[in-house]
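Colleague: Please see the structure below; I have some questions.
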Amino acid sequence: MTSLPPSRPARLALLVLAAGALGIILVVQPYKTFELDRFFVPKELVLHATALVTGLLALRGVERLRLTGADDVLAAFFALSALSALFAPNWYLAFRSLAITGSSLVIFWSCRRLAREGLARPLLVVLATGAVLGAVTALLQVYGVEAESFSQNRAPGGTFGNRNFMAHLAAIGLPLVVALAVQARKRIGPVLGGLGVMILAGAMVLSRSRAAWLAALASMLFLAVAGLWSGGLWKDPVVRRRLAGLAVAMVLGLGLALLIPNSLDWRSDSPYLETLQGVANFKEGSGHGRVLQYRNTLRMTLAHPLLGVGPGNWSVVYPVVAPKNDPSLDRDDGMTANPWPSSDWMTFLAERGPLASLLLLLALLSLGVKGWRWWRESAQRAQHLEPLALPALLIAGMVCGAFDAVLVLPVPALYVWAAAGLLAAPEAGGRVIELDSRRRRRLMIGFAAIAALFVARSALQAGAMGVYDEAWKVTDAERAAQLDPGSYRIRMFLAQRYFARGDCTRVLVHARAASRLYPAAPRPQRLIRACGGREAK
């Protein structure tokens, strides 16, 4: 029995997703005043635009929706996140964070549609290629290539702006590259897979990202135990030969990274050994800082046990619960040094509440277990290895997320949820919702309206960054504030500029707006008091 060829909307969705997966790696804005957001904002825009187009293509022509248990759990997670956003102190941050979640889930469901139409493998190859491409941008920076799209503050981050973010995607993409190389049908496949593994291994070791190191180790151990030992893959001579080649490529990548001179300026004489020795050190340095941050973040969670403080609002509330000498706070202005805590799970607990966090965890565990069972039930395990890559990939993402922000960021969110949608085990059960042409049209219009808001928000923020960066007059900065009224940086720039001019009327407008965005921030309050105004409530 031959299967039907993929529909035209599905083929178009595949092209859009492929372009989005590669484009999100490379897109960067040149405005160095916004050192983090110049990387995140354009990548968020690509994420939302990809979700908008692929979501509409996935809905086109659909006559029925089949909702599984995992779909219901994820829908409930998003509903709780949206409800939490309504009560967040900073709606701009809440909307931005919620948009990343919403677009990621749309991509997950769109990829489920592509998998049902037999288009999973080409997009999996694109995802593996994207992870390697991200590592290549970091290696270019390591070996002396200078570009506006690279940040010098957290090298080697390549086009990610931060070495940890680059390394996270490398660790997440590693099991996918391994699986595709082992089951490749053409001889060039294992060769390209070995090259990809070598690049990923080299970039990860040079990043000194302990989270990525642990994630890669955990995912590879899972593949070894579940695939080689328990799954019996070691008995296949082709699998043995290809895995041996990949192991050699990984060792070669690690060795070359450590031996070839590079442009990185580490303060330590033995930076990689020092990082390895400090993996489990929670008594000093960044490890101790994480412990203190987690403790205070749990206090936030206990104070807001139902819905959390709102998506994206950890940085707004954390200065209220943390002591002034907390290492997560900037000594100059008393605000958090990063916009999210050093853990996905702490982020979700504090921002969306324990119930929403539990739903997300259950959904990820369910997808991983079902992928593993699907592979176990396959008659040709060596030729059908992709489902086993799903739990390995999710393990890597969850380990990285235990130490850093992952699923709350656009690039890993797109990659993890796209891979999960492509590799999720097919389910025959679930609820079926019939869609006639009228109901489908209404669904598409409603989805397009919401997704367009996500796109517009990121586009306006990206435009505001450009206007502000090139601003020579206050009127230009005012226009930037109109484009992005939720920018604390732009509001404070205007408040300080007007204060220097003695224009307290305009100072109060922007200082109060900044204080509403971050009520615990001391700088806006000082300007308000200096102009004789009352503190913002």
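Ligands are numbered from 1 in the order shown, chains are lettered A, B, ... in the order of the structure tokens, and residues start at 1 in each chain.
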DSSP says alpha helix (DSSP H) for which residues of segment 179-413 of chain A? Put them as a PyMOL selection string?
Modeller: chain A and resi 179-182+188-207+210-222+237-259+271-277+285-303+314-321+344-376+386-403+410-413
Colleague: Find the spatial neighbours of Arg523 of chain A, counting only C-alpha atoms, within a cut-off of 9 Å - ignore same-chain residues fewer than 3 positions away - and output them as a ChimeraX atom specification.
Modeller: /A:333-334,492,511,515,526-528
Colleague: Just checking: using only C-alpha atoms, which residue out of A:Phe108, A:Phe95, A:Phe78, A:Tyr294 ends up closest to Phe403 of chain A?
Modeller: A:Tyr294
Colleague: Name the closest residue to Ser437 of chain A among the candidates A:Ala451, A:Ala21, A:Val62, A:Ala13; distances are taken between atoms, counting only C-alpha atoms.
Modeller: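 Under the stated criterion, the closest residue is A:Val62.
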Colleague: Taking only C-alpha atoms into account, name the residue in A:Arg501, A:His168, A:Arg240, A:Arg439 that is nearest to Met398 of chain A.
Modeller: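 Checking each candidate against Met398 of chain A, we get A:His168 as the closest.
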Colleague: Can you tell me which residues surround Trp109 of chain A at a distance of at most 9 Å, considering only C-alpha atoms, apart from same-chain residues fewer than 2 positions away, and format the answer as a PyMOL selection string?
Modeller: chain A and resi 55+58+71+104-107+111-114+417-418+421
Colleague: With distances taken over only C-alpha atoms, which residue among A:Arg295, A:Arg352, A:Arg381, A:Arg438 lies nearest Val182 of chain A?
Modeller: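 Among the listed residues, the smallest separation from Val182 of chain A belongs to A:Arg381.
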